[in-house]
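Visitor: After the C-alpha cells below, expect a handful of questions from me.
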Amino acid sequence: MSNRMWGGRFGGGPDDIMEEINASIGFDQRLFAQDIRGSLAHAEMLVKQGIISAEDGASIAQGLHQIEAEINAGEFRFSRALEDIHMNIEARLAELIGDAAGRLHTARSRNDQVATDFRLYVRDALAHIGTQIHTLMGVLTAKAEAHADTIMPGFTHLQPAQPVTFGHHLLAYVEMLSRDAGRFHDAHKRMNESPLGAAALAGTGFDIDRHMTAAALGFDAPMGNSMDAVSARDFALEALSAAAICATHMSRLAEEIVIFSGPAYGFFNLPDAYSTGSSIMPQKRNPDAAELIRAKTGRIIGALGGLMIVMKGLPLAYSKDMQEDKEGVFNALDSISLCLAAMSGMMDALSINADAMHKAAGSGYSTATDLADWLVREAGLPFRQAHHVTGALVALAEKKGCALDALSLADMQKVEAAITDNVFTVLSVENSVASRQAFGGTAPDGVRARVSHWQNWLKENA
Ligand code: ARG
C-alpha cells in the first residue's frame with residue numbers, strides 16, 4: 001500500500017502515535033476560511049498566467065466554495081489522518097471535482113500556504129483587537145469625564161502620596177491603551193506582506209504573479225525573499241508582544257479593582273454583573289472578572305515566551321517546529337480579546353464611593369508637598385529647607401494625632417516663623433489638586449482638557 005498523502009516513496013502509513021504528534025487539524029481547522037481565500041486567489045492567478053485552464057480554475061473555485069459552506073454548516077468531516085487543514089481541504093476538493101483538484105497545488109507548498117493563512121488570521125485579529133482597545137479607551141474616558149473633580153489618594157509604594165482626581169487616574173490607563181493600540185497598528189502594517197508563491201522555500205520556476213495574489217488577499221506587496229517568507233514568524237511574535245504588554249496594563253488595572261473594591265479601601269462598588277458571591281460566606285462579593293483578567297495575562301505572556309523559544313533555534317527555512325506557533329497565538333489572541341471585553345463591561349458598570357475616596361485622600365498627610373511648595377513660594381525658603389520644616393510639622397501633627405490643617409497657626413509658627421494664615425489655603429485636598437495645573441497634572445481642568453483630547457482622538461481613529 002502506498003501512503004495516501006506522500007504517495008510513491010512511502011510504503012505504508014504512519015504509526016498511530018506518529019499521526020497523533022504530527023497532526024495539527026485539531027487546532028488549525030480554525031484557519032479554514034483563510035486557507036480557502038488563499039487557494040481561491042492562487043487558482044485565479046494560475047488561470048490568468050495560463051498555468052492551469054479556465055475550466056479547471058472554475059471547478060476548483062466552485063469546489064472550494066462548497067467546502068466552505070460544508071464547514072460553516074458543520075457538515076465537514078475533519079480527518080486526523082489527513083494531518084492539517086490544507087490536506088483536509090485538498091482531499092475533499094478531489095472528492096468533489098476529481099483530477100482538477102490536483103492542479104491547485106501547482107507552484108505552491110504547504111509552507112507558503114500555512115504562512116499565508118496564519119498571516120491572514122493574525123492580521124484580522126489585530127484589527128479586531130485594535131477596535132476593542134478603542135472601546136475600552138472610550139469607556140475609561142467617559143468615566144474620567146464624570147470624575148474629573150472626584151478626589152482620591154494618589155499612591156506611591158501603595159501608600160497615600162498626594163491627592164489626585166479619579167479622572168486623572170483613569171486617564172493614565174487611557175494613555176497606556178493608546179500606545180497598545182499603536183503597537184497593534186504597527187504590527188498590522190509591518191506584517192501585511194504576502195508569503196504566497198514562495199513555495200517550499202526557494203521560489204518557483206512557474207511564471208506566477210505574486211503581486212496579483214498579494215493584492216487579492218489585501219496585502220501591500222509580496223514578501224521579497226522566499227526563504228524569509230516561509231520561515232518568518234516575527235509577525236506572530238509582534239502580535240503576541242503587543243498582546244502581552246496590553247494584558248499587563250489591564251492586569252494592573254485589574255489589581256487596582258481587586259484592592260480598591262475590598263472593604264479595606266471601599267472605593268469601588270463592583271457591579272453585580274461582574275462579580276460573584278461565595279457559596280459559604282453570604283457577605284462576600286468577589287472580583288472574579290478582575291482576578292481572571294489578571295491571571296489570563298499569565299498565559300498571554302507565556303505564549304510570547306513559548307513561541308520565542310520555539311523559534312530561537314530554527315535554521316532556515318521551514319521546520320515542523322513551526323506548526324507549534326498556532327495554539328499559543330490563538331489562545332493568547334482569544335484571551336486578550338475576552339479580557340478587553342470584560343474590562344470594558346466591568347469599568348462601564350463600576351460605581352464609585354466618592355466619600356471613601358475623599359476621606360482617604362486626606363489621610364497620610366497627603367498635602368505635605370503642597371505645604372513645602374507654599375514655604376518655597378510664599379516664604380522664600382529653599383526647597384530642601386522647606387522639606388525639612390514640613391517634616392517637622394508632620395511629626396508635630398502625628399504627635400497630636402491630627403491632620404496638617406488641624407494644627408493651629410501658633411503651633412506652626414513655633415516651627416517656622418515665616419508661616420502665615422494663608423498657608424491654610426493649600427492644605428486642603430481640593431486646593432492641592434486644583435493647583436497642579438502644569439500640563440499633564442491632575443488639576444480638574446487639565447483632566448477635562450485631556451478628556452476632550454482623547455474624545456477627539458477616538459473620533460479621528462474610529
Ligand atoms: N501543518 C503545517 C504547519 O502548520 C503545514 C506546513 C507543513 N509543511 C511541511 N513541510 N511539513 O506548519
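If you're wondering about the labels, chains in the C-alpha cells are A, B, ... by order shown, residues count from 1 in each chain, ligands from 1 in order shown.
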Give the residues close to ligand 1, within 6 Å, counting only C-alpha atoms and all ligand atoms; write them as a ChimeraX atom specification.

Guide: /A:24,84,110-111,114,320,322-323

Visitor: Excluding range 398-413 of chain A and residues on its chain fewer than 3 positions from it, collect all residues at most 10 Å away from it, counting only C-alpha atoms, and give them as a list in words.

Guide: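 So, after excluding close chain neighbours, the residues are Gly362, Ser363, Gly364, Tyr365, Ser366, Thr367, Ala368, Leu371, Val389, Thr390, Ala392, Leu393, Val394, Ala395, Glu416, Ala417, Ala418, Ile419, Thr420, Asp421, Asn422, Val423, Phe424, Thr425, Val426, Leu427 and Ser428 of chain A.
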
Visitor: Please identify which residues in range 134-300 of chain A DSSP calls strand (DSSP E or B) from the backbone, and express them as an MDAnalysis selection string.

Guide: chainID A and resid 151:156 159:165 193:194 221:222 268:269 276 286

Visitor: Could you please take those selected residues and save C-alpha atoms as a PDB file, in the first residue's frame?

Guide:
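See again.pdb below for the written result:
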```pdb
ATOM      1  CA  ILE A 151     -10.688  63.304  44.675  1.00  0.00           C
ATOM      2  CA  MET A 152      -8.844  60.161  45.702  1.00  0.00           C
ATOM      3  CA  PRO A 153      -5.433  59.420  47.139  1.00  0.00           C
ATOM      4  CA  GLY A 154      -2.643  59.027  44.611  1.00  0.00           C
ATOM      5  CA  PHE A 155      -0.225  56.338  45.722  1.00  0.00           C
ATOM      6  CA  THR A 156       3.430  55.574  45.549  1.00  0.00           C
ATOM      7  CA  GLN A 159       0.956  54.476  50.401  1.00  0.00           C
ATOM      8  CA  PRO A 160      -1.021  57.707  50.097  1.00  0.00           C
ATOM      9  CA  ALA A 161       1.338  60.161  48.418  1.00  0.00           C
ATOM     10  CA  GLN A 162      -0.564  63.151  47.014  1.00  0.00           C
ATOM     11  CA  PRO A 163      -4.240  63.683  46.300  1.00  0.00           C
ATOM     12  CA  VAL A 164      -5.255  63.164  42.674  1.00  0.00           C
ATOM     13  CA  THR A 165      -8.543  63.067  40.828  1.00  0.00           C
ATOM     14  CA  GLU A 193       3.094  41.288   3.032  1.00  0.00           C
ATOM     15  CA  SER A 194       2.271  38.065   1.258  1.00  0.00           C
ATOM     16  CA  ALA A 221       3.136  43.561  -1.504  1.00  0.00           C
ATOM     17  CA  PRO A 222       4.601  40.060  -1.867  1.00  0.00           C
ATOM     18  CA  PHE A 268     -15.239  50.906  44.097  1.00  0.00           C
ATOM     19  CA  ASN A 269     -18.591  49.154  44.168  1.00  0.00           C
ATOM     20  CA  THR A 276     -19.619  36.629  42.232  1.00  0.00           C
ATOM     21  CA  ASN A 286     -15.696  38.701  44.846  1.00  0.00           C
TER      22      ASN A 286
END
```

Visitor: May I have the residues within 8 Å of Ile36 in chain A as a PyMOL selection string, using only C-alpha atoms and disregarding those fewer than 6 positions away in the same chain?

Guide: chain A and resi 64-65+68

Visitor: Please provide the set of residues having any atom within 8 Å of Asp117 in chain A, restricted to only C-alpha atoms, with same-chain residues fewer than 5 positions apart removed, written as a PyMOL selection string.

Guide: chain A and resi 31+34-35+38

Visitor: If you take only C-alpha atoms and a cut-off of 10 Å, which residues of range 275-332 of chain A touch range 229-253 of chain A, and what are their nearest atom pairs and distances in Å to one decimal, in chain and number order, as a Markdown table?

Guide:
```
| residue | atom | partner | partner_atom | distance |
| --- | --- | --- | --- | --- |
| A:Ala290 | CA | A:Ser251 | CA | 7.8 |
| A:Glu291 | CA | A:Ser251 | CA | 8.3 |
| A:Leu292 | CA | A:Ser251 | CA | 8.9 |
| A:Ile293 | CA | A:Ser251 | CA | 6.0 |
| A:Arg294 | CA | A:Ser251 | CA | 4.2 |
| A:Ala295 | CA | A:Ser251 | CA | 7.7 |
| A:Lys296 | CA | A:Ala247 | CA | 8.0 |
| A:Thr297 | CA | A:Ala247 | CA | 5.3 |
| A:Gly298 | CA | A:Ala244 | CA | 8.6 |
| A:Arg299 | CA | A:Ala244 | CA | 9.0 |
| A:Ile300 | CA | A:Ala244 | CA | 5.6 |
| A:Ile301 | CA | A:Ala244 | CA | 5.0 |
| A:Gly302 | CA | A:Ala244 | CA | 8.6 |
| A:Ala303 | CA | A:Leu240 | CA | 7.1 |
| A:Leu304 | CA | A:Leu240 | CA | 5.3 |
| A:Gly305 | CA | A:Leu237 | CA | 9.0 |
| A:Gly306 | CA | A:Leu237 | CA | 9.8 |
| A:Leu307 | CA | A:Leu237 | CA | 7.0 |
| A:Met308 | CA | A:Leu237 | CA | 7.1 |
| A:Met311 | CA | A:Arg233 | CA | 7.8 |
| A:Leu314 | CA | A:Ser231 | CA | 8.9 |
| A:Pro315 | CA | A:Ser231 | CA | 8.9 |
| A:Leu316 | CA | A:Ser231 | CA | 6.5 |
| A:Ala317 | CA | A:Ser231 | CA | 5.0 |
| A:Tyr318 | CA | A:Ser231 | CA | 5.2 |
| A:Ser319 | CA | A:Ser231 | CA | 8.1 |
| A:Met322 | CA | A:Ser231 | CA | 8.1 |
| A:Asp325 | CA | A:Ala236 | CA | 8.0 |
| A:Lys326 | CA | A:Ala236 | CA | 9.0 |
| A:Gly328 | CA | A:Leu240 | CA | 8.9 |
| A:Val329 | CA | A:Leu240 | CA | 6.9 |
| A:Phe330 | CA | A:Leu240 | CA | 9.9 |
| A:Ala332 | CA | A:Leu240 | CA | 7.1 |
```

Visitor: Residues within 7 Å of range 198-210 of chain A, please, as a PyMOL selection string. Count only C-alpha atoms; anything in the same chain fewer than 3 positions from it doesn't count.

Guide: chain A and resi 45-46+49+107-109+111-112+195+213-214+222+226-227+229-230+317

Visitor: Using the selection just defined, write its residues with all heavy atoms as a tab-separated table (two decimals), in the first residue's frame.

Guide:
```tsv
chain	number	residue	atom	x	y	z
A	45	MET	N	-5.00	33.22	-10.06
A	45	MET	CA	-3.72	33.67	-10.63
A	45	MET	C	-3.17	32.62	-11.59
A	45	MET	O	-2.66	32.96	-12.68
A	45	MET	CB	-2.76	33.97	-9.47
A	45	MET	CG	-1.40	34.48	-9.86
A	45	MET	SD	-0.26	33.16	-10.32
A	45	MET	CE	-0.04	32.30	-8.76
A	46	LEU	N	-3.28	31.33	-11.22
A	46	LEU	CA	-2.77	30.27	-12.10
A	46	LEU	C	-3.50	30.29	-13.45
A	46	LEU	O	-2.88	30.08	-14.50
A	46	LEU	CB	-2.93	28.90	-11.44
A	46	LEU	CG	-2.06	28.62	-10.19
A	46	LEU	CD1	-2.42	27.25	-9.58
A	46	LEU	CD2	-0.56	28.67	-10.51
A	49	GLN	N	-2.33	33.33	-15.54
A	49	GLN	CA	-0.97	33.14	-16.05
A	49	GLN	C	-0.90	31.99	-17.07
A	49	GLN	O	0.17	31.66	-17.55
A	49	GLN	CB	-0.02	32.85	-14.89
A	49	GLN	CG	0.16	34.02	-13.91
A	49	GLN	CD	0.73	35.26	-14.57
A	49	GLN	OE1	-0.01	36.17	-14.92
A	49	GLN	NE2	2.05	35.29	-14.78
A	107	ALA	N	2.94	25.22	-8.14
A	107	ALA	CA	3.67	26.44	-7.77
A	107	ALA	C	3.35	26.89	-6.35
A	107	ALA	O	3.36	28.09	-6.04
A	107	ALA	CB	3.39	27.58	-8.75
A	108	ARG	N	3.06	25.94	-5.48
A	108	ARG	CA	2.73	26.28	-4.10
A	108	ARG	C	3.17	25.12	-3.21
A	108	ARG	O	3.27	23.99	-3.69
A	108	ARG	CB	1.21	26.47	-3.98
A	108	ARG	CG	0.74	26.94	-2.63
A	108	ARG	CD	-0.77	27.16	-2.59
A	108	ARG	NE	-1.51	25.91	-2.43
A	108	ARG	CZ	-2.81	25.84	-2.18
A	108	ARG	NH1	-3.54	26.95	-2.12
A	108	ARG	NH2	-3.41	24.68	-2.04
A	109	SER	N	3.43	25.41	-1.96
A	109	SER	CA	3.77	24.37	-0.99
A	109	SER	C	2.93	24.65	0.25
A	109	SER	O	2.39	25.76	0.41
A	109	SER	CB	5.27	24.49	-0.66
A	109	SER	OG	5.53	24.11	0.67
A	111	ASN	N	4.18	25.14	2.89
A	111	ASN	CA	4.98	26.08	3.69
A	111	ASN	C	4.55	27.54	3.44
A	111	ASN	O	4.38	28.31	4.39
A	111	ASN	CB	6.47	25.90	3.39
A	111	ASN	CG	6.97	24.53	3.83
A	111	ASN	OD1	6.24	23.80	4.48
A	111	ASN	ND2	8.19	24.19	3.44
A	112	ASP	N	4.39	27.89	2.17
A	112	ASP	CA	3.92	29.27	1.92
A	112	ASP	C	2.42	29.36	2.19
A	112	ASP	O	1.91	30.40	2.58
A	112	ASP	CB	4.28	29.77	0.51
A	112	ASP	CG	3.73	28.92	-0.62
A	112	ASP	OD1	3.48	27.72	-0.39
A	112	ASP	OD2	3.55	29.45	-1.73
A	195	PRO	N	3.32	35.94	1.80
A	195	PRO	CA	4.29	34.86	1.58
A	195	PRO	C	3.91	33.98	0.38
A	195	PRO	O	4.74	33.19	-0.10
A	195	PRO	CB	4.19	34.01	2.86
A	195	PRO	CG	3.25	34.73	3.78
A	195	PRO	CD	2.44	35.67	2.94
A	213	THR	N	-1.65	37.83	-6.42
A	213	THR	CA	-2.23	37.15	-5.25
A	213	THR	C	-2.11	38.03	-4.01
A	213	THR	O	-3.01	38.08	-3.17
A	213	THR	CB	-1.57	35.79	-5.00
A	213	THR	OG1	-0.15	35.92	-5.04
A	213	THR	CG2	-2.01	34.76	-6.02
A	214	ALA	N	-1.01	38.76	-3.89
A	214	ALA	CA	-0.85	39.65	-2.74
A	214	ALA	C	-2.00	40.66	-2.70
A	214	ALA	O	-2.64	40.86	-1.66
A	214	ALA	CB	0.50	40.36	-2.79
A	222	PRO	N	4.08	41.40	-2.19
A	222	PRO	CA	4.60	40.06	-1.87
A	222	PRO	C	5.89	40.20	-1.06
A	222	PRO	O	6.62	41.18	-1.24
A	222	PRO	CB	4.89	39.45	-3.25
A	222	PRO	CG	4.98	40.58	-4.20
A	222	PRO	CD	4.28	41.78	-3.60
A	226	SER	N	11.92	34.45	-0.61
A	226	SER	CA	11.10	33.25	-0.43
A	226	SER	C	11.45	32.49	0.85
A	226	SER	O	10.58	31.89	1.49
A	226	SER	CB	11.24	32.33	-1.64
A	226	SER	OG	12.59	31.92	-1.79
A	227	MET	N	12.72	32.51	1.23
A	227	MET	CA	13.12	31.78	2.44
A	227	MET	C	12.57	32.47	3.68
A	227	MET	O	12.06	31.84	4.60
A	227	MET	CB	14.64	31.65	2.51
A	227	MET	CG	15.20	30.83	1.36
A	227	MET	SD	17.00	30.69	1.42
A	227	MET	CE	17.17	29.41	2.65
A	229	ALA	N	9.97	34.32	3.62
A	229	ALA	CA	8.51	34.24	3.55
A	229	ALA	C	7.98	32.99	4.26
A	229	ALA	O	6.99	33.05	4.98
A	229	ALA	CB	8.06	34.25	2.09
A	230	VAL	N	8.64	31.85	4.07
A	230	VAL	CA	8.12	30.62	4.69
A	230	VAL	C	8.57	30.44	6.12
A	230	VAL	O	7.99	29.65	6.86
A	230	VAL	CB	8.48	29.35	3.87
A	230	VAL	CG1	7.84	29.40	2.49
A	230	VAL	CG2	9.98	29.14	3.77
A	317	ALA	N	14.91	26.87	6.29
A	317	ALA	CA	13.77	27.75	6.24
A	317	ALA	C	12.65	27.17	7.12
A	317	ALA	O	12.55	27.49	8.28
A	317	ALA	CB	13.29	27.91	4.81
```

Visitor: I'd like the contact shell of Val47 in chain A - 12 Å cut-off, only C-alpha atoms, skipping same-chain residues fewer than 6 positions apart - returned as JSON, numbers by chain.

Guide: {"A": [40, 41, 53, 54, 55, 56, 57, 58, 59, 60, 61, 103, 104, 106, 207, 208, 209, 212, 213]}

Visitor: Write the selection just made, keeping all heavy atoms, as a CSV table (one decimal), in the first residue's frame?

Guide:
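Contents of selection-v7.csv, freshly written:
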```csv
chain,number,residue,atom,x,y,z
A,40,LEU,N,-8.3,30.3,-3.4
A,40,LEU,CA,-9.1,31.0,-4.5
A,40,LEU,C,-8.2,32.0,-5.2
A,40,LEU,O,-8.2,32.0,-6.4
A,40,LEU,CB,-10.3,31.7,-3.9
A,40,LEU,CG,-11.5,30.7,-3.4
A,40,LEU,CD1,-12.5,31.5,-2.6
A,40,LEU,CD2,-12.1,30.1,-4.6
A,41,ALA,N,-7.4,32.7,-4.5
A,41,ALA,CA,-6.6,33.8,-5.1
A,41,ALA,C,-5.5,33.1,-5.9
A,41,ALA,O,-5.2,33.5,-7.0
A,41,ALA,CB,-5.9,34.6,-4.0
A,53,SER,N,-6.0,25.6,-16.8
A,53,SER,CA,-7.0,26.0,-17.7
A,53,SER,C,-8.2,26.7,-16.9
A,53,SER,O,-8.3,26.6,-15.7
A,53,SER,CB,-7.7,24.8,-18.4
A,53,SER,OG,-8.4,24.0,-17.5
A,54,ALA,N,-8.9,27.5,-17.7
A,54,ALA,CA,-10.0,28.3,-17.1
A,54,ALA,C,-11.1,27.3,-16.5
A,54,ALA,O,-11.7,27.6,-15.5
A,54,ALA,CB,-10.6,29.2,-18.1
A,55,GLU,N,-11.3,26.2,-17.2
A,55,GLU,CA,-12.3,25.2,-16.7
A,55,GLU,C,-11.8,24.6,-15.4
A,55,GLU,O,-12.6,24.5,-14.4
A,55,GLU,CB,-12.5,24.0,-17.7
A,55,GLU,CG,-13.0,24.3,-19.1
A,55,GLU,CD,-11.8,24.9,-19.9
A,55,GLU,OE1,-10.9,24.1,-20.3
A,55,GLU,OE2,-11.9,26.1,-20.3
A,56,ASP,N,-10.6,24.2,-15.3
A,56,ASP,CA,-10.1,23.7,-14.0
A,56,ASP,C,-10.2,24.8,-12.9
A,56,ASP,O,-10.6,24.5,-11.8
A,56,ASP,CB,-8.6,23.2,-14.2
A,56,ASP,CG,-8.5,21.9,-14.9
A,56,ASP,OD1,-9.6,21.2,-15.1
A,56,ASP,OD2,-7.4,21.5,-15.3
A,57,GLY,N,-9.8,26.0,-13.3
A,57,GLY,CA,-9.9,27.1,-12.3
A,57,GLY,C,-11.3,27.3,-11.8
A,57,GLY,O,-11.5,27.4,-10.6
A,58,ALA,N,-12.3,27.2,-12.7
A,58,ALA,CA,-13.7,27.4,-12.3
A,58,ALA,C,-14.2,26.2,-11.4
A,58,ALA,O,-14.9,26.4,-10.4
A,58,ALA,CB,-14.6,27.5,-13.6
A,59,SER,N,-13.8,25.0,-11.8
A,59,SER,CA,-14.3,23.9,-10.9
A,59,SER,C,-13.5,23.9,-9.5
A,59,SER,O,-14.1,23.6,-8.5
A,59,SER,CB,-14.2,22.5,-11.6
A,59,SER,OG,-12.9,22.2,-11.9
A,60,ILE,N,-12.3,24.3,-9.5
A,60,ILE,CA,-11.6,24.5,-8.2
A,60,ILE,C,-12.3,25.5,-7.3
A,60,ILE,O,-12.6,25.3,-6.2
A,60,ILE,CB,-10.1,24.9,-8.4
A,60,ILE,CG1,-9.3,23.7,-9.0
A,60,ILE,CG2,-9.5,25.4,-7.1
A,60,ILE,CD1,-7.9,24.1,-9.4
A,61,ALA,N,-12.7,26.6,-8.0
A,61,ALA,CA,-13.4,27.7,-7.2
A,61,ALA,C,-14.7,27.2,-6.7
A,61,ALA,O,-15.1,27.4,-5.5
A,61,ALA,CB,-13.5,28.9,-8.0
A,103,ARG,N,-4.4,20.1,-9.5
A,103,ARG,CA,-3.7,21.2,-10.1
A,103,ARG,C,-3.5,22.4,-9.2
A,103,ARG,O,-2.7,23.3,-9.5
A,103,ARG,CB,-4.4,21.6,-11.4
A,103,ARG,CG,-4.4,20.4,-12.4
A,103,ARG,CD,-4.9,20.9,-13.8
A,103,ARG,NE,-5.1,19.8,-14.7
A,103,ARG,CZ,-4.1,19.2,-15.3
A,103,ARG,NH1,-2.8,19.6,-15.2
A,103,ARG,NH2,-4.3,18.1,-16.1
A,104,LEU,N,-4.4,22.5,-8.2
A,104,LEU,CA,-4.4,23.7,-7.3
A,104,LEU,C,-3.0,23.9,-6.7
A,104,LEU,O,-2.6,25.0,-6.4
A,104,LEU,CB,-5.5,23.5,-6.2
A,104,LEU,CG,-5.5,24.6,-5.1
A,104,LEU,CD1,-5.7,26.0,-5.7
A,104,LEU,CD2,-6.6,24.2,-4.1
A,106,THR,N,-0.1,23.5,-7.8
A,106,THR,CA,1.0,23.9,-8.7
A,106,THR,C,1.6,25.2,-8.2
A,106,THR,O,0.9,26.1,-7.8
A,106,THR,CB,0.4,24.1,-10.1
A,106,THR,OG1,-0.5,23.1,-10.5
A,106,THR,CG2,1.6,24.3,-11.1
A,207,ASP,N,5.7,30.6,-14.0
A,207,ASP,CA,5.6,32.0,-14.2
A,207,ASP,C,4.4,32.6,-13.5
A,207,ASP,O,3.4,33.0,-14.1
A,207,ASP,CB,5.5,32.3,-15.7
A,207,ASP,CG,5.3,33.8,-16.1
A,207,ASP,OD1,5.8,34.6,-15.3
A,207,ASP,OD2,4.7,34.1,-17.1
A,208,ILE,N,4.5,32.6,-12.2
A,208,ILE,CA,3.4,33.1,-11.3
A,208,ILE,C,3.4,34.6,-11.2
A,208,ILE,O,4.4,35.2,-11.5
A,208,ILE,CB,3.4,32.4,-9.9
A,208,ILE,CG1,4.6,32.7,-9.2
A,208,ILE,CG2,3.2,30.9,-10.1
A,208,ILE,CD1,4.6,32.3,-7.7
A,209,ASP,N,2.3,35.1,-10.7
A,209,ASP,CA,2.2,36.6,-10.4
A,209,ASP,C,1.9,36.8,-9.0
A,209,ASP,O,0.8,36.8,-8.5
A,209,ASP,CB,1.1,37.2,-11.3
A,209,ASP,CG,1.1,38.7,-11.1
A,209,ASP,OD1,1.7,39.3,-10.2
A,209,ASP,OD2,0.3,39.4,-11.9
A,212,MET,N,-0.2,39.8,-8.0
A,212,MET,CA,-1.7,39.6,-8.1
A,212,MET,C,-2.3,38.9,-6.9
A,212,MET,O,-3.3,39.4,-6.3
A,212,MET,CB,-2.0,38.8,-9.4
A,212,MET,CG,-3.4,38.5,-9.6
A,212,MET,SD,-3.7,37.5,-11.1
A,212,MET,CE,-5.4,37.1,-10.9
A,213,THR,N,-1.7,37.8,-6.4
A,213,THR,CA,-2.2,37.2,-5.2
A,213,THR,C,-2.1,38.0,-4.0
A,213,THR,O,-3.0,38.1,-3.2
A,213,THR,CB,-1.6,35.8,-5.0
A,213,THR,OG1,-0.1,35.9,-5.0
A,213,THR,CG2,-2.0,34.8,-6.0
```

Visitor: With a distance cut-off of 10 Å and only C-alpha atoms, select the neighbouring residues of Ala94 in chain A, excluding the residue or stretch itself and same-chain residues fewer than 6 positions from it, and output the selection as number ranges by chain.

Guide: A: 60, 63, 100-102

Visitor: Suppose we keep all heavy atoms; can you now write the selection as a tab-separated table (two decimals), in the first residue's frame?

Guide:
```
chain	number	residue	atom	x	y	z
A	60	ILE	N	-12.28	24.34	-9.52
A	60	ILE	CA	-11.59	24.48	-8.22
A	60	ILE	C	-12.34	25.50	-7.35
A	60	ILE	O	-12.64	25.25	-6.18
A	60	ILE	CB	-10.12	24.91	-8.42
A	60	ILE	CG1	-9.29	23.73	-8.96
A	60	ILE	CG2	-9.51	25.43	-7.12
A	60	ILE	CD1	-7.88	24.10	-9.42
A	63	GLY	N	-15.66	24.15	-6.14
A	63	GLY	CA	-15.43	23.14	-5.09
A	63	GLY	C	-15.04	23.78	-3.77
A	63	GLY	O	-15.54	23.39	-2.70
A	100	ALA	N	-8.91	17.72	-11.33
A	100	ALA	CA	-8.55	19.15	-11.38
A	100	ALA	C	-8.03	19.62	-10.02
A	100	ALA	O	-7.21	20.54	-9.94
A	100	ALA	CB	-9.75	19.99	-11.80
A	101	ALA	N	-8.50	18.98	-8.95
A	101	ALA	CA	-8.07	19.37	-7.60
A	101	ALA	C	-6.55	19.28	-7.47
A	101	ALA	O	-5.92	20.08	-6.77
A	101	ALA	CB	-8.74	18.49	-6.55
A	102	GLY	N	-5.98	18.31	-8.14
A	102	GLY	CA	-4.53	18.10	-8.06
A	102	GLY	C	-3.73	19.22	-8.69
A	102	GLY	O	-2.52	19.31	-8.49
```

Visitor: Have a look at A:Asp355, A:Asp186, A:Asp99, A:Asp220 and name the one nearest to Tyr265 in chain A; count only C-alpha atoms.

Guide: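 Closest residue, counting only C-alpha atoms: A:Asp355.
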
Visitor: For CA of Asp321 in chain A and CA of Ala115 in chain A, determine how far apart the two atoms are, in Å to one decimal place.

Guide: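 One can read the CA of Asp321 in chain A to CA of Ala115 in chain A distance as 13.3 Å.
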
Visitor: Kindly indicate which residue among A:His157, A:Ala215, A:Ala341, A:Glu20 lies nearest to Ser79 in chain A, using only C-alpha atoms for the distances.

Guide: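 Between A:His157, A:Ala215, A:Ala341, A:Glu20, the residue approaching Ser79 in chain A most closely is A:Glu20.
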
Visitor: In Å, rounded to a single decimal, give me how far CA of Ala43 in chain A is from CA of Glu327 in chain A.

Guide: 28.4 Å

Visitor: When DSSP works through the backbone of this structure, what residues of range 77-151 of chain A end up as helix (DSSP H, G or I), shown as a count of residues only?

Guide: 59
